[in-house]
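Below is the file start_36.cif, which contains mmCIF, C-alpha atoms.
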```cif
data_protein
#
loop_
_atom_site.label_atom_id
_atom_site.label_comp_id
_atom_site.auth_asym_id
_atom_site.auth_seq_id
_atom_site.Cartn_x
_atom_site.Cartn_y
_atom_site.Cartn_z
CA MET A 1 0.00 0.00 0.00
CA ASN A 2 1.14 3.51 -0.78
CA MET A 3 2.27 4.90 2.60
CA THR A 4 0.72 8.27 1.77
CA GLN A 5 -2.71 6.59 1.62
CA THR A 6 -2.82 4.96 5.06
CA ASN A 7 -4.82 5.96 8.10
CA GLU A 8 -1.59 6.46 10.02
CA TYR A 9 -0.30 8.91 7.43
CA PHE A 10 -3.38 11.14 7.51
CA ILE A 11 -3.85 10.94 11.28
CA SER A 12 -0.20 11.88 11.81
CA ARG A 13 -0.60 14.91 9.56
CA GLN A 14 -3.80 15.87 11.35
CA ASN A 15 -1.98 15.69 14.68
CA ASP A 16 0.69 18.00 13.33
CA PHE A 17 -1.61 20.62 11.85
CA GLU A 18 -4.91 20.68 13.77
CA SER A 19 -5.59 22.16 17.18
CA SER A 20 -5.66 20.20 20.41
CA ALA A 21 -9.42 20.81 20.53
CA ARG A 22 -10.07 18.06 17.97
CA SER A 23 -12.02 15.23 19.55
CA TYR A 24 -13.37 12.52 17.23
CA PRO A 25 -9.98 11.51 15.74
CA ARG A 26 -8.85 10.58 19.25
CA LYS A 27 -11.62 7.96 19.39
CA PHE A 28 -11.78 7.02 15.72
CA PRO A 29 -8.21 7.11 14.34
CA PHE A 30 -8.92 6.74 10.64
CA ALA A 31 -9.21 8.87 7.50
CA LEU A 32 -12.48 8.67 5.61
CA LYS A 33 -12.58 8.23 1.85
CA LYS A 34 -16.14 7.19 0.94
CA ALA A 35 -19.57 7.14 2.54
CA LYS A 36 -22.96 5.85 1.49
CA GLY A 37 -26.09 5.28 3.54
CA SER A 38 -25.13 3.95 6.97
CA TRP A 39 -21.61 2.95 5.96
CA VAL A 40 -18.28 4.75 5.66
CA GLU A 41 -15.00 3.53 4.20
CA ASP A 42 -11.52 4.60 5.22
CA VAL A 43 -8.52 5.19 2.95
CA GLU A 44 -7.37 1.61 3.50
CA GLY A 45 -10.68 0.14 2.28
CA ASN A 46 -12.08 -0.82 5.70
CA LYS A 47 -15.85 -0.35 6.02
CA TYR A 48 -17.61 0.81 9.18
CA LEU A 49 -21.25 0.91 10.23
CA ASP A 50 -21.93 4.53 11.19
CA PHE A 51 -24.27 4.97 14.16
CA LEU A 52 -23.03 8.52 14.76
CA CYS A 53 -23.90 10.07 11.35
CA GLY A 54 -22.48 13.51 11.98
CA ALA A 55 -23.87 13.61 15.54
CA GLY A 56 -27.35 13.14 14.10
CA THR A 57 -26.92 15.51 11.18
CA LEU A 58 -27.36 12.89 8.47
CA ALA A 59 -31.04 12.01 8.87
CA LEU A 60 -31.03 10.09 5.58
CA GLY A 61 -27.49 8.77 5.91
CA HIS A 62 -24.48 9.60 3.78
CA ASN A 63 -24.95 10.76 0.19
CA ASP A 64 -28.64 10.04 -0.12
CA ASP A 65 -29.49 9.91 -3.84
CA GLU A 66 -32.40 12.36 -3.74
CA VAL A 67 -30.53 14.82 -1.54
CA ALA A 68 -27.46 14.66 -3.79
CA LYS A 69 -29.64 15.14 -6.88
CA ALA A 70 -31.23 18.28 -5.42
CA MET A 71 -27.83 19.79 -4.70
CA MET A 72 -26.37 18.86 -8.10
CA GLU A 73 -29.38 20.32 -9.90
CA LEU A 74 -28.96 23.57 -7.99
CA ILE A 75 -25.26 23.76 -8.84
CA SER A 76 -25.78 22.94 -12.52
CA SER A 77 -28.49 25.62 -12.84
CA ASP A 78 -26.02 28.43 -12.09
CA ALA A 79 -28.24 29.48 -9.18
CA PRO A 80 -26.44 31.61 -6.59
CA LEU A 81 -24.97 29.50 -3.78
CA HIS A 82 -24.23 32.32 -1.36
CA THR A 83 -26.91 34.98 -0.89
CA LEU A 84 -26.62 36.40 2.66
CA ASP A 85 -30.29 36.94 3.54
CA LEU A 86 -31.48 37.75 0.03
CA THR A 87 -34.29 35.48 -1.07
CA THR A 88 -34.31 32.93 -3.89
CA PRO A 89 -36.75 30.30 -5.18
CA ALA A 90 -34.77 27.64 -3.27
CA LYS A 91 -35.08 29.64 -0.06
CA ASP A 92 -38.80 30.20 -0.62
CA ARG A 93 -39.34 26.44 -1.02
CA PHE A 94 -37.31 25.78 2.11
CA VAL A 95 -39.36 28.25 4.15
CA GLU A 96 -42.64 26.78 2.87
CA THR A 97 -41.42 23.33 3.89
CA VAL A 98 -40.43 24.53 7.37
CA LEU A 99 -43.88 26.02 7.82
CA SER A 100 -45.50 22.77 6.64
CA VAL A 101 -43.87 20.68 9.38
CA LEU A 102 -44.87 22.98 12.24
CA PRO A 103 -47.81 22.20 14.53
CA ALA A 104 -51.04 23.65 13.10
CA GLU A 105 -51.24 26.21 15.92
CA MET A 106 -47.91 27.74 14.86
CA LYS A 107 -48.01 27.76 11.05
CA ASP A 108 -49.61 31.17 10.57
CA ASN A 109 -48.03 32.94 13.51
CA VAL A 110 -44.26 32.57 13.18
CA LYS A 111 -41.20 34.26 11.75
CA ILE A 112 -37.92 32.58 10.79
CA GLN A 113 -34.41 33.87 11.45
CA PHE A 114 -31.66 32.32 9.33
CA CYS A 115 -28.45 32.10 11.33
CA SER A 116 -24.82 31.23 10.83
CA PRO A 117 -24.35 27.53 10.07
CA SER A 118 -24.13 25.90 13.51
CA GLY A 119 -26.74 25.27 16.18
CA THR A 120 -24.67 27.34 18.59
CA ASP A 121 -25.57 30.46 16.62
CA ALA A 122 -29.26 29.58 16.66
CA THR A 123 -29.03 29.46 20.47
CA ASP A 124 -27.31 32.84 20.64
CA ALA A 125 -29.82 34.35 18.20
CA ALA A 126 -32.76 33.08 20.24
CA ILE A 127 -31.35 34.50 23.48
CA LYS A 128 -30.81 37.88 21.83
CA LEU A 129 -34.34 37.76 20.41
CA CYS A 130 -35.94 37.04 23.78
CA LYS A 131 -33.88 39.61 25.65
CA THR A 132 -34.83 42.22 23.06
CA ALA A 133 -38.53 41.30 23.17
CA THR A 134 -38.87 41.14 26.96
CA GLY A 135 -36.38 43.75 28.09
CA ARG A 136 -35.16 41.25 30.67
CA GLY A 137 -31.63 39.91 31.03
CA SER A 138 -31.44 36.49 32.69
CA VAL A 139 -32.06 33.02 31.23
CA ILE A 140 -33.11 29.75 32.84
CA ALA A 141 -31.53 26.53 31.56
CA PHE A 142 -31.48 22.97 32.91
CA SER A 143 -28.77 20.77 34.38
CA GLY A 144 -27.52 18.31 31.78
CA GLY A 145 -28.54 20.53 28.89
CA TYR A 146 -26.35 21.15 25.86
CA HIS A 147 -26.91 24.19 23.67
CA GLY A 148 -23.60 24.67 21.89
CA MET A 149 -19.99 25.71 22.44
CA GLY A 150 -20.13 29.42 21.63
CA HIS A 151 -19.55 31.85 24.47
CA GLY A 152 -23.25 32.54 25.01
CA ALA A 153 -24.51 29.02 24.25
CA LEU A 154 -21.84 27.46 26.49
CA SER A 155 -23.11 29.48 29.44
CA LEU A 156 -26.45 27.65 29.05
CA THR A 157 -24.79 24.23 28.82
CA GLY A 158 -24.55 22.01 31.88
CA ASN A 159 -21.24 20.28 31.17
CA LEU A 160 -18.71 21.73 33.63
CA ASN A 161 -15.74 20.20 31.83
CA ALA A 162 -16.30 22.38 28.80
CA LYS A 163 -16.75 25.50 30.95
CA ALA A 164 -14.03 25.04 33.55
CA LYS A 165 -11.26 26.95 31.77
CA VAL A 166 -13.44 29.58 30.08
CA GLN A 167 -14.04 32.39 32.52
CA ASN A 168 -16.65 35.17 32.39
CA LEU A 169 -19.26 33.43 30.27
CA MET A 170 -22.60 35.18 29.74
CA PRO A 171 -23.89 36.19 33.18
CA GLY A 172 -27.43 35.80 34.46
CA VAL A 173 -27.93 32.09 33.80
CA GLN A 174 -29.93 30.16 36.40
CA PHE A 175 -29.89 26.34 36.22
CA MET A 176 -32.88 24.27 37.27
CA PRO A 177 -33.07 20.48 37.88
CA TYR A 178 -34.08 18.33 34.91
CA PRO A 179 -36.01 15.09 35.53
CA TYR A 180 -33.55 12.22 35.14
CA SER A 181 -35.38 9.20 36.46
CA TYR A 182 -32.35 6.91 36.85
CA ARG A 183 -30.37 9.58 38.74
CA CYS A 184 -33.14 11.82 40.02
CA PRO A 185 -31.82 15.10 41.49
CA PHE A 186 -34.36 14.68 44.32
CA GLY A 187 -33.61 11.00 44.90
CA LEU A 188 -37.14 9.99 43.90
CA GLY A 189 -37.18 8.83 40.26
CA GLY A 190 -40.17 8.10 38.06
CA GLU A 191 -43.25 10.29 38.07
CA ALA A 192 -42.52 11.46 41.61
CA GLY A 193 -39.15 12.82 40.50
CA ALA A 194 -40.67 14.57 37.49
CA LYS A 195 -43.34 16.11 39.71
CA ALA A 196 -40.70 17.33 42.17
CA CYS A 197 -38.71 18.97 39.36
CA ALA A 198 -41.84 20.65 38.04
CA SER A 199 -42.85 21.82 41.50
CA TYR A 200 -39.37 23.23 42.17
CA PHE A 201 -39.39 25.05 38.83
CA GLU A 202 -42.78 26.61 39.52
CA ARG A 203 -41.99 27.54 43.11
CA MET A 204 -38.68 29.19 42.21
CA LEU A 205 -40.35 31.38 39.59
CA LYS A 206 -43.45 32.26 41.61
CA ASP A 207 -42.03 32.59 45.12
CA PRO A 208 -41.38 36.31 45.81
CA GLU A 209 -38.50 35.28 48.10
CA SER A 210 -36.84 32.74 45.76
CA GLY A 211 -34.10 35.10 44.66
CA VAL A 212 -34.73 34.18 41.02
CA THR A 213 -35.79 37.15 38.92
CA LEU A 214 -38.17 36.78 35.99
CA PRO A 215 -36.01 35.66 33.04
CA ALA A 216 -35.99 36.71 29.41
CA ALA A 217 -36.38 33.05 28.41
CA VAL A 218 -36.41 29.44 29.51
CA ILE A 219 -34.47 27.05 27.25
CA ILE A 220 -34.89 23.28 27.29
CA GLU A 221 -34.13 20.15 25.25
CA PRO A 222 -37.22 17.89 25.10
CA ILE A 223 -34.71 15.03 24.96
CA GLN A 224 -31.28 15.86 26.30
CA GLY A 225 -28.63 14.60 23.88
CA GLU A 226 -25.09 15.25 25.05
CA GLY A 227 -26.42 15.10 28.60
CA GLY A 228 -27.05 11.38 28.17
CA VAL A 229 -30.20 10.82 26.06
CA ILE A 230 -32.70 11.79 28.73
CA PRO A 231 -36.29 12.39 27.58
CA ALA A 232 -38.26 14.95 29.58
CA PRO A 233 -41.53 13.39 30.82
CA GLU A 234 -44.58 14.80 29.09
CA SER A 235 -45.97 16.03 32.42
CA PHE A 236 -42.80 18.01 33.07
CA LEU A 237 -42.79 19.73 29.68
CA GLN A 238 -46.47 20.54 30.14
CA ALA A 239 -45.77 22.08 33.56
CA VAL A 240 -42.87 24.15 32.23
CA ARG A 241 -45.05 25.41 29.37
CA ARG A 242 -47.94 26.24 31.71
CA VAL A 243 -45.76 28.19 34.14
CA THR A 244 -43.87 30.10 31.44
CA LYS A 245 -47.17 30.96 29.76
CA GLU A 246 -48.66 32.23 33.02
CA LEU A 247 -45.63 34.43 33.72
CA GLY A 248 -45.09 35.68 30.16
CA ILE A 249 -41.70 33.99 29.74
CA PRO A 250 -40.75 32.88 26.21
CA LEU A 251 -40.11 29.14 26.09
CA ILE A 252 -37.29 28.03 23.77
CA VAL A 253 -37.18 24.35 22.80
CA ASP A 254 -33.85 23.18 21.47
CA GLU A 255 -34.64 20.64 18.74
CA ILE A 256 -31.19 20.79 17.19
CA GLN A 257 -30.37 17.14 17.90
CA CYS A 258 -33.66 15.59 19.00
CA GLY A 259 -35.73 17.15 16.19
CA THR A 260 -36.25 16.45 12.48
CA GLY A 261 -37.81 13.07 13.11
CA ARG A 262 -35.24 11.52 15.44
CA SER A 263 -37.70 10.94 18.29
CA GLY A 264 -40.34 9.38 16.04
CA ASP A 265 -42.22 12.68 15.85
CA PHE A 266 -40.95 15.49 13.66
CA PHE A 267 -40.34 17.58 16.78
CA ALA A 268 -39.62 15.88 20.10
CA PHE A 269 -41.83 18.37 21.97
CA GLN A 270 -44.91 17.29 20.01
CA LYS A 271 -45.48 14.15 22.09
CA SER A 272 -46.28 16.37 25.09
CA GLY A 273 -48.76 18.50 23.13
CA ILE A 274 -47.10 21.80 24.08
CA ILE A 275 -46.64 24.78 21.77
CA PRO A 276 -43.37 26.64 22.44
CA ASP A 277 -42.59 30.25 21.60
CA VAL A 278 -39.24 29.51 19.95
CA ILE A 279 -37.82 26.43 18.20
CA LEU A 280 -34.11 25.97 17.49
CA MET A 281 -33.35 23.87 14.41
CA SER A 282 -30.02 22.82 12.93
CA LYS A 283 -28.09 19.59 12.20
CA ALA A 284 -30.45 17.49 10.01
CA ILE A 285 -32.42 20.57 8.90
CA GLY A 286 -29.71 21.31 6.30
CA GLY A 287 -29.80 17.88 4.69
CA SER A 288 -26.08 17.25 5.43
CA GLN A 289 -25.08 20.87 4.75
CA PRO A 290 -24.52 23.61 7.38
CA MET A 291 -27.76 25.33 8.38
CA SER A 292 -29.41 26.70 11.51
CA ILE A 293 -32.65 28.60 11.96
CA VAL A 294 -34.80 30.02 14.73
CA VAL A 295 -38.57 29.73 14.34
CA TYR A 296 -40.43 32.02 16.72
CA ASP A 297 -43.78 33.58 17.54
CA LYS A 298 -44.41 36.86 15.74
CA SER A 299 -45.02 38.64 19.04
CA LEU A 300 -41.28 38.36 19.77
CA ASP A 301 -40.23 40.01 16.51
CA LYS A 302 -39.06 43.24 18.13
CA TRP A 303 -35.54 43.54 16.78
CA THR A 304 -34.46 45.89 14.03
CA ALA A 305 -32.59 45.37 10.76
CA GLY A 306 -29.15 43.86 11.36
CA ALA A 307 -29.87 42.91 14.97
CA HIS A 308 -28.62 39.44 14.16
CA ALA A 309 -26.67 38.38 11.09
CA GLY A 310 -24.33 35.72 9.75
CA THR A 311 -22.29 35.60 6.57
CA PHE A 312 -23.36 32.09 5.61
CA ARG A 313 -27.04 32.32 6.52
CA GLY A 314 -27.87 32.11 2.81
CA ASN A 315 -26.51 28.59 2.22
CA GLN A 316 -28.55 27.59 -0.84
CA LEU A 317 -27.22 24.03 -1.00
CA ALA A 318 -28.44 23.44 2.56
CA MET A 319 -31.85 24.83 1.65
CA ALA A 320 -32.17 22.56 -1.39
CA ALA A 321 -30.98 19.51 0.55
CA GLY A 322 -32.94 20.36 3.69
CA THR A 323 -36.18 20.69 1.73
CA VAL A 324 -35.80 17.09 0.57
CA VAL A 325 -35.03 15.84 4.10
CA MET A 326 -37.94 17.64 5.75
CA ARG A 327 -40.40 16.51 3.10
CA ARG A 328 -39.42 12.85 3.44
CA VAL A 329 -38.93 12.74 7.20
CA SER A 330 -42.21 14.51 7.98
CA SER A 331 -44.38 11.91 6.24
CA PRO A 332 -46.47 9.84 8.71
CA GLU A 333 -45.18 6.60 7.17
CA PHE A 334 -41.55 7.62 7.64
CA LEU A 335 -42.09 8.65 11.26
CA ALA A 336 -43.98 5.43 12.00
CA ASP A 337 -41.00 3.52 10.60
CA VAL A 338 -38.62 5.45 12.89
CA ARG A 339 -40.76 4.52 15.90
CA LYS A 340 -40.93 0.87 14.81
CA LYS A 341 -37.17 0.58 14.32
CA GLY A 342 -36.50 2.46 17.53
CA ASP A 343 -38.75 0.10 19.51
CA TYR A 344 -37.02 -2.91 17.95
CA LEU A 345 -33.55 -1.62 18.82
CA LYS A 346 -34.56 -0.52 22.31
CA GLN A 347 -36.02 -3.94 23.09
CA ALA A 348 -32.78 -5.59 21.98
CA LEU A 349 -30.77 -3.25 24.21
CA GLU A 350 -33.07 -3.94 27.16
CA ARG A 351 -32.61 -7.69 26.65
CA LEU A 352 -28.86 -7.12 26.66
CA LYS A 353 -29.17 -5.13 29.89
CA SER A 354 -30.86 -8.12 31.57
CA GLU A 355 -27.90 -10.33 30.66
CA VAL A 356 -25.02 -8.19 31.97
CA SER A 357 -24.14 -6.26 35.11
CA ILE A 358 -22.53 -3.17 33.56
CA ILE A 359 -25.64 -1.59 32.02
CA GLY A 360 -27.59 0.56 34.44
CA ASP A 361 -30.23 2.05 32.17
CA VAL A 362 -31.57 1.98 28.60
CA ARG A 363 -33.64 4.98 27.54
CA GLY A 364 -34.73 7.26 24.73
CA ARG A 365 -37.33 7.55 22.00
CA GLY A 366 -37.37 6.67 18.33
CA LEU A 367 -33.82 6.39 17.02
CA MET A 368 -32.37 8.57 19.77
CA LEU A 369 -31.37 5.94 22.32
CA GLY A 370 -28.85 5.77 25.13
CA VAL A 371 -27.25 3.00 27.17
CA GLU A 372 -25.78 4.10 30.51
CA PHE A 373 -22.87 2.05 31.79
CA ILE A 374 -22.05 1.54 35.45
CA ASP A 375 -19.37 -0.07 37.57
CA PRO A 376 -21.46 -2.67 39.41
CA ASP A 377 -18.83 -2.95 42.18
CA GLY A 378 -18.35 0.79 42.59
CA PRO A 379 -19.95 3.27 45.00
CA ARG A 380 -23.67 3.93 44.79
CA ASP A 381 -25.62 7.16 44.57
CA ILE A 382 -28.48 8.41 46.73
CA MET A 383 -30.93 6.19 44.84
CA GLY A 384 -28.80 3.09 45.33
CA ASN A 385 -27.63 2.95 41.71
CA PRO A 386 -23.94 2.34 40.94
CA GLU A 387 -22.11 5.44 39.80
CA PRO A 388 -21.77 6.02 36.01
CA SER A 389 -18.61 4.59 34.46
CA GLY A 390 -16.99 6.48 31.61
CA THR A 391 -14.12 3.97 31.76
CA ILE A 392 -16.40 1.06 30.88
CA ALA A 393 -18.21 3.05 28.18
CA ALA A 394 -14.87 4.03 26.63
CA ALA A 395 -13.77 0.39 26.60
CA ILE A 396 -16.98 -0.58 24.80
CA GLN A 397 -16.58 2.27 22.33
CA ARG A 398 -13.04 1.08 21.51
CA GLU A 399 -14.21 -2.51 21.13
CA CYS A 400 -17.02 -1.42 18.81
CA PHE A 401 -14.64 0.61 16.66
CA GLU A 402 -12.21 -2.31 16.40
CA ASN A 403 -15.16 -4.33 15.08
CA HIS A 404 -16.17 -1.58 12.64
CA LEU A 405 -19.05 0.10 14.48
CA ILE A 406 -18.92 3.85 15.14
CA MET A 407 -20.83 5.13 18.17
CA GLU A 408 -20.33 8.15 20.41
CA LYS A 409 -20.46 8.59 24.18
CA GLY A 410 -22.15 11.27 26.25
CA GLY A 411 -23.82 11.74 29.60
CA ARG A 412 -22.31 12.03 33.05
CA ASN A 413 -18.60 11.11 32.96
CA GLY A 414 -19.05 9.99 29.34
CA SER A 415 -20.88 6.88 30.55
CA VAL A 416 -23.68 6.76 27.96
CA MET A 417 -23.29 5.13 24.56
CA ARG A 418 -25.67 6.83 22.14
CA CYS A 419 -27.51 5.78 18.99
CA LEU A 420 -27.62 8.56 16.38
CA CYS A 421 -27.94 6.46 13.24
CA ALA A 422 -29.60 7.43 9.96
CA LEU A 423 -33.37 7.50 10.35
CA ASN A 424 -33.78 5.35 7.23
CA VAL A 425 -31.30 2.76 8.50
CA SER A 426 -32.13 -0.75 7.27
CA MET A 427 -33.21 -3.55 9.59
CA ASP A 428 -30.17 -5.52 8.43
CA ASP A 429 -27.91 -2.70 9.57
CA ILE A 430 -29.74 -2.46 12.91
CA ASP A 431 -29.21 -6.20 13.39
CA ALA A 432 -25.53 -5.79 12.48
CA MET A 433 -25.22 -3.00 15.07
CA ILE A 434 -26.94 -5.11 17.73
CA GLY A 435 -24.55 -7.98 17.03
CA ILE A 436 -21.36 -5.89 17.25
CA PHE A 437 -22.52 -3.83 20.22
CA SER A 438 -23.77 -6.85 22.18
CA ALA A 439 -20.52 -8.72 21.63
CA ALA A 440 -18.53 -5.69 22.81
CA VAL A 441 -20.66 -5.31 25.93
CA ARG A 442 -20.43 -8.99 26.81
CA LYS A 443 -16.66 -8.96 26.37
CA VAL A 444 -16.17 -5.94 28.61
CA ASN A 445 -18.73 -7.28 31.09
CA ALA A 446 -16.74 -10.51 31.38
CA GLU A 447 -13.58 -8.53 32.13
CA TYR A 448 -15.30 -6.63 34.95
CA SER A 449 -16.93 -9.75 36.34
CA ARG A 450 -13.71 -11.66 36.98
#
```
Represent the supplied structure as C-alpha cells.
Amino acid sequence: MNMTQTNEYFISRQNDFESSARSYPRKFPFALKKAKGSWVEDVEGNKYLDFLCGAGTLALGHNDDEVAKAMMELISSDAPLHTLDLTTPAKDRFVETVLSVLPAEMKDNVKIQFCSPSGTDATDAAIKLCKTATGRGSVIAFSGGYHGMGHGALSLTGNLNAKAKVQNLMPGVQFMPYPYSYRCPFGLGGEAGAKACASYFERMLKDPESGVTLPAAVIIEPIQGEGGVIPAPESFLQAVRRVTKELGIPLIVDEIQCGTGRSGDFFAFQKSGIIPDVILMSKAIGGSQPMSIVVYDKSLDKWTAGAHAGTFRGNQLAMAAGTVVMRRVSSPEFLADVRKKGDYLKQALERLKSEVSIIGDVRGRGLMLGVEFIDPDGPRDIMGNPEPSGTIAAAIQRECFENHLIMEKGGRNGSVMRCLCALNVSMDDIDAMIGIFSAAVRKVNAEYSR
C-alpha cells in the first residue's frame, strides 16, 4: 500500500496541523474516503457501520441519492450558492417546507431567522431575540442541557468540563433540575421525580423570596442529547409550558439534535402537546449541509434590521438539501417507521441489559437511544444505583470501533453510549449494530466480572 494513503499517514498529519481541541480523531483514528447510507469507508478500504452520522446531522445517511440530486441540480443551474439573507426560489421552497412541518397552531403565527451555520448560533440568536422582546436579562436553563460551544450558548450548557477553563461566560444564567429518572436530582425517580422537578421550577419562579428574577427566556431540550439521552416526561414539559405561559416567559425548545424526526415525531416536543414560543433547528435541517434557523412567535419580533446576522445564513445548498429531508422525514409513514425501528432496537438493548451487570439504564425515543454504563462494584448514589462509568463506556466504544461500528459517548462522565444512526437505516444494519454492540458489551462485562 502507498504509505501516503494509510490511516496512520493522515492521522499523523492531522496531529501536526490541527488544534488540540479536535475530539473525534482521538476515538476514531482513521481517515475517511467514501460514505454511502449507513456505511463509511476509510482510505485503506475498511468499512464501518456509522451509528453517529455527523452527531445526528445525516437524517437520511451519507450521500442520499435524492438529496445529492437536489444539490447537483442547484449547482448545474447556475443558481447563486451564497446569498446572505437575500431570497431565492430555493429559499422560498425551504421556508414553505419549514412552515409545513410545524404544529397547526404555529403555522400562521411565526417568523424565521436564518443564522450562521451551527446550532450554537441559533441558540445565541434566540437568546438575543428574547432579551430584546422582553427587556429582561437572565435566562433559565437545565442541568444536563447542551446548547452549543459558543460563548453565550456554552453558558447555558450544563457540562462543567467544557466550561471550567473559560471564565466570564454570559452572566445571568440560572440552572434548574431536569427530571432524570435513573439519577433523580431529588432521589425519587419516576413520576414522583418529574413532579418534584416541576414543583421546584414553579416555586422558584413564583415565590417572591426565591431570589430568582423573571427571566428573558427558559431554554430546554425535550430530549437531552449530550447530557445522556434523557427524555423529559410529558408532564414536566407541560408544567414548564404552563408556568412560562402564566408568567409571560418565552419558552425556547432546542430541537437541534432531538428534532427532524429523530424521536419518532418530527419535533420531540410534540409528544407532550405543548406549543413553544421559539424552536431551534439545525443539524439534520440542512440535509447534510450547514444550516441553523430560529422559528419564533411573531409577538417576539421586536428587533431591528441587522440585529442578528451571519455571513453564511444564505446557504442555498443546505436549503435545497434540507427541503428534501424535511419533506421525506415529515411523512407519517416515515415517522412510524422510525418509531418501529426504535422500539425494535430498544427492546434488543433492554434484553442485553438483563444479561449483563454493567448496564444501568436503557432509555430514549425513536432512534435517539442511550445505554448508561455503570461499575457494578463501585460506589452507589443516593438512589442506590452504581455510579456512572466512563471507563467502561470508553472500553466498549473502543471494542465497537475495532469491530467496525462507530458510536459516540455522552452523559455524566461519558458513561452513555448513544444511537444517532440514519433514520432510514435498514433492519439488516440495525441487526448488524446489535450484534457488534452486544458482543462488545459482553466482552467488557466478562472482564469486569472476573
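Among A:Leu188, A:Gly261, A:Gly360, A:Ser77, the residue with the shortest atom-to-atom distance to A:Glu333, counting all atoms listed in the file, is A:Gly261.
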Taking the file as I've supplied it (selection: the PyMOL selection byres ((chain A and resi 354-356) around 10)), which residues are included? Please answer as a VMD selection string.
chain A and resid 349 to 353 357 to 360 376 438 441 to 442 444 to 446 449
Distance of atom CA of A:Ser282 from atom CA of A:Trp39, expressed in Å to one decimal place
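If I compute the distance from atom CA of A:Trp39 to atom CA of A:Ser282, I get 22.7 Å.
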Selection result for the PyMOL selection byres ((chain A and resi 210-226) around 8) on this file, as JSON, numbers by chain
{"A": [127, 130, 131, 134, 135, 136, 137, 138, 139, 140, 141, 142, 144, 145, 146, 174, 203, 204, 205, 206, 207, 208, 209, 227, 228, 229, 230, 231, 232, 237, 244, 249, 250, 251, 252, 253, 254, 255, 257, 258, 268, 269, 364, 410, 411]}
Using the selection just defined, write its residues with C-alpha atoms as an mmCIF file, in the coordinates of the input.
```cif
data_model
loop_
_atom_site.group_PDB
_atom_site.id
_atom_site.type_symbol
_atom_site.label_atom_id
_atom_site.label_comp_id
_atom_site.auth_asym_id
_atom_site.auth_seq_id
_atom_site.Cartn_x
_atom_site.Cartn_y
_atom_site.Cartn_z
ATOM 1 C CA ILE A 127 -31.350 34.500 23.480
ATOM 2 C CA CYS A 130 -35.940 37.040 23.780
ATOM 3 C CA LYS A 131 -33.880 39.610 25.650
ATOM 4 C CA THR A 134 -38.870 41.140 26.960
ATOM 5 C CA GLY A 135 -36.380 43.750 28.090
ATOM 6 C CA ARG A 136 -35.160 41.250 30.670
ATOM 7 C CA GLY A 137 -31.630 39.910 31.030
ATOM 8 C CA SER A 138 -31.440 36.490 32.690
ATOM 9 C CA VAL A 139 -32.060 33.020 31.230
ATOM 10 C CA ILE A 140 -33.110 29.750 32.840
ATOM 11 C CA ALA A 141 -31.530 26.530 31.560
ATOM 12 C CA PHE A 142 -31.480 22.970 32.910
ATOM 13 C CA GLY A 144 -27.520 18.310 31.780
ATOM 14 C CA GLY A 145 -28.540 20.530 28.890
ATOM 15 C CA TYR A 146 -26.350 21.150 25.860
ATOM 16 C CA GLN A 174 -29.930 30.160 36.400
ATOM 17 C CA ARG A 203 -41.990 27.540 43.110
ATOM 18 C CA MET A 204 -38.680 29.190 42.210
ATOM 19 C CA LEU A 205 -40.350 31.380 39.590
ATOM 20 C CA LYS A 206 -43.450 32.260 41.610
ATOM 21 C CA ASP A 207 -42.030 32.590 45.120
ATOM 22 C CA PRO A 208 -41.380 36.310 45.810
ATOM 23 C CA GLU A 209 -38.500 35.280 48.100
ATOM 24 C CA GLY A 227 -26.420 15.100 28.600
ATOM 25 C CA GLY A 228 -27.050 11.380 28.170
ATOM 26 C CA VAL A 229 -30.200 10.820 26.060
ATOM 27 C CA ILE A 230 -32.700 11.790 28.730
ATOM 28 C CA PRO A 231 -36.290 12.390 27.580
ATOM 29 C CA ALA A 232 -38.260 14.950 29.580
ATOM 30 C CA LEU A 237 -42.790 19.730 29.680
ATOM 31 C CA THR A 244 -43.870 30.100 31.440
ATOM 32 C CA ILE A 249 -41.700 33.990 29.740
ATOM 33 C CA PRO A 250 -40.750 32.880 26.210
ATOM 34 C CA LEU A 251 -40.110 29.140 26.090
ATOM 35 C CA ILE A 252 -37.290 28.030 23.770
ATOM 36 C CA VAL A 253 -37.180 24.350 22.800
ATOM 37 C CA ASP A 254 -33.850 23.180 21.470
ATOM 38 C CA GLU A 255 -34.640 20.640 18.740
ATOM 39 C CA GLN A 257 -30.370 17.140 17.900
ATOM 40 C CA CYS A 258 -33.660 15.590 19.000
ATOM 41 C CA ALA A 268 -39.620 15.880 20.100
ATOM 42 C CA PHE A 269 -41.830 18.370 21.970
ATOM 43 C CA GLY A 364 -34.730 7.260 24.730
ATOM 44 C CA GLY A 410 -22.150 11.270 26.250
ATOM 45 C CA GLY A 411 -23.820 11.740 29.600
#
```
Residue members of the PyMOL selection byres ((chain A and resi 6) around 12) in the file shown, as a list in words
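Matching residues under the PyMOL selection byres ((chain A and resi 6) around 12) are Met1, Asn2, Met3, Thr4, Gln5, Asn7, Glu8, Tyr9, Phe10, Ile11, Ser12, Arg13, Pro29, Phe30, Ala31, Leu32, Lys33, Asp42, Val43, Glu44, Gly45 and Asn46 of chain A.
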Would you kindly return, as an mmCIF file with C-alpha atoms, in the frame of the given file, each protein, DNA or RNA residue with an atom no farther than 6 Å from any atom of stretch 416-425 of chain A, considering only C-alpha atoms and excluding same-chain residues fewer than 2 positions away?
```cif
data_model
loop_
_atom_site.group_PDB
_atom_site.id
_atom_site.type_symbol
_atom_site.label_atom_id
_atom_site.label_comp_id
_atom_site.auth_asym_id
_atom_site.auth_seq_id
_atom_site.Cartn_x
_atom_site.Cartn_y
_atom_site.Cartn_z
ATOM 1 C CA PHE A 51 -24.270 4.970 14.160
ATOM 2 C CA LEU A 52 -23.030 8.520 14.760
ATOM 3 C CA CYS A 53 -23.900 10.070 11.350
ATOM 4 C CA GLY A 56 -27.350 13.140 14.100
ATOM 5 C CA ALA A 59 -31.040 12.010 8.870
ATOM 6 C CA LEU A 60 -31.030 10.090 5.580
ATOM 7 C CA GLY A 61 -27.490 8.770 5.910
ATOM 8 C CA GLY A 228 -27.050 11.380 28.170
ATOM 9 C CA MET A 368 -32.370 8.570 19.770
ATOM 10 C CA LEU A 369 -31.370 5.940 22.320
ATOM 11 C CA GLY A 370 -28.850 5.770 25.130
ATOM 12 C CA VAL A 371 -27.250 3.000 27.170
ATOM 13 C CA GLU A 372 -25.780 4.100 30.510
ATOM 14 C CA GLU A 408 -20.330 8.150 20.410
ATOM 15 C CA LYS A 409 -20.460 8.590 24.180
ATOM 16 C CA GLY A 410 -22.150 11.270 26.250
ATOM 17 C CA GLY A 411 -23.820 11.740 29.600
ATOM 18 C CA GLY A 414 -19.050 9.990 29.340
#
```
